[in-house]
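Heads up: the structure comes next, in structure tokens.
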Amino acid sequence: MSQNGNLKVICLTGGPGAGKSAVADVIKKEFQSRVYVLPETASLLYNGGFPRAENNQELKMVQSAIYYVQKHAEALALSKKNKARILICDRGTLDCAAYFPGGLDSFLGDLGTSLKKELHRYHAVLHLETPGSKMGYDFSNPVRTETAEEALKLDKKIQKVWEPHANRVVFKSRESFLEKVSEVVNWVRQELDD
């Protein structure tokens, strides 16, 4: 599923506050119909009133729901006839494993999938590194509940689950967020030119 005809599926990932949604918005404006951007599933669900988990059993249910909505949203986006050459997914299916009680193995077992299958969904994985509190961690997103320290821990977990992907690029945090945005936009531009 990493490619559908000429459409490359790219996962834009990273910990909370890494700038994924902001970068996705810039990509959408910069490339317009050449790139289709799928919004973050967790934010869609939580903004729609989906309940937050209060224990590990509920957290498994929440992450399972996010996984299935993500998977079906990607399939639906791929079925659409449009001019896009790239589908950017604001997070990917394996992101759920970083939040899942018991980690990756528990996630894969409970969801009945494999690491190989989930990695194969994406042509590339772009990981935006979460900035620490001294580098400008942003608390303004009402969906975000993590402290800067918790966000950094989640960022490391997310990096670890995606580490085996053959085409993974990590964009480090910088003093200037615009530099990180520019790096990602240039990477997407090169993919479109290939």
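Letters for chains follow the order of the structure tokens (A, B, ...), residue numbers begin at 1 for each chain, and ligand numbers begin at 1 in the order shown.
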
Task: Contacts of region 171-187 of chain A within 7 Å, only C-alpha atoms, excl. fewer than 6 positions in-chain, as a ChimeraX atom specification - done: /A:23,27,127-131,135

Open item on the list: Just want the 12 Å neighbourhood of Glu163 (chain A), counted on only C-alpha atoms, with same-chain residues fewer than 2 positions away dropped. Output as JSON, numbers by chain.
Closed with: {"A": [13, 14, 94, 95, 115, 119, 124, 125, 126, 127, 155, 156, 157, 158, 159, 160, 161, 165, 166, 167, 168, 169, 170]}

TODO: Write out as a PyMOL selection string all residues of region 17-68 of chain A that DSSP puts in alpha helix (DSSP H) for this structure's backbone.
DONE: chain A and resi 20-31+41-47+56-68

TODO: Name all residues at most 10 Å from Met61 (chain A) (count only C-alpha atoms; drop same-chain ones fewer than 6 positions away) and give them as number ranges by chain.
DONE: A: 53, 67, 100
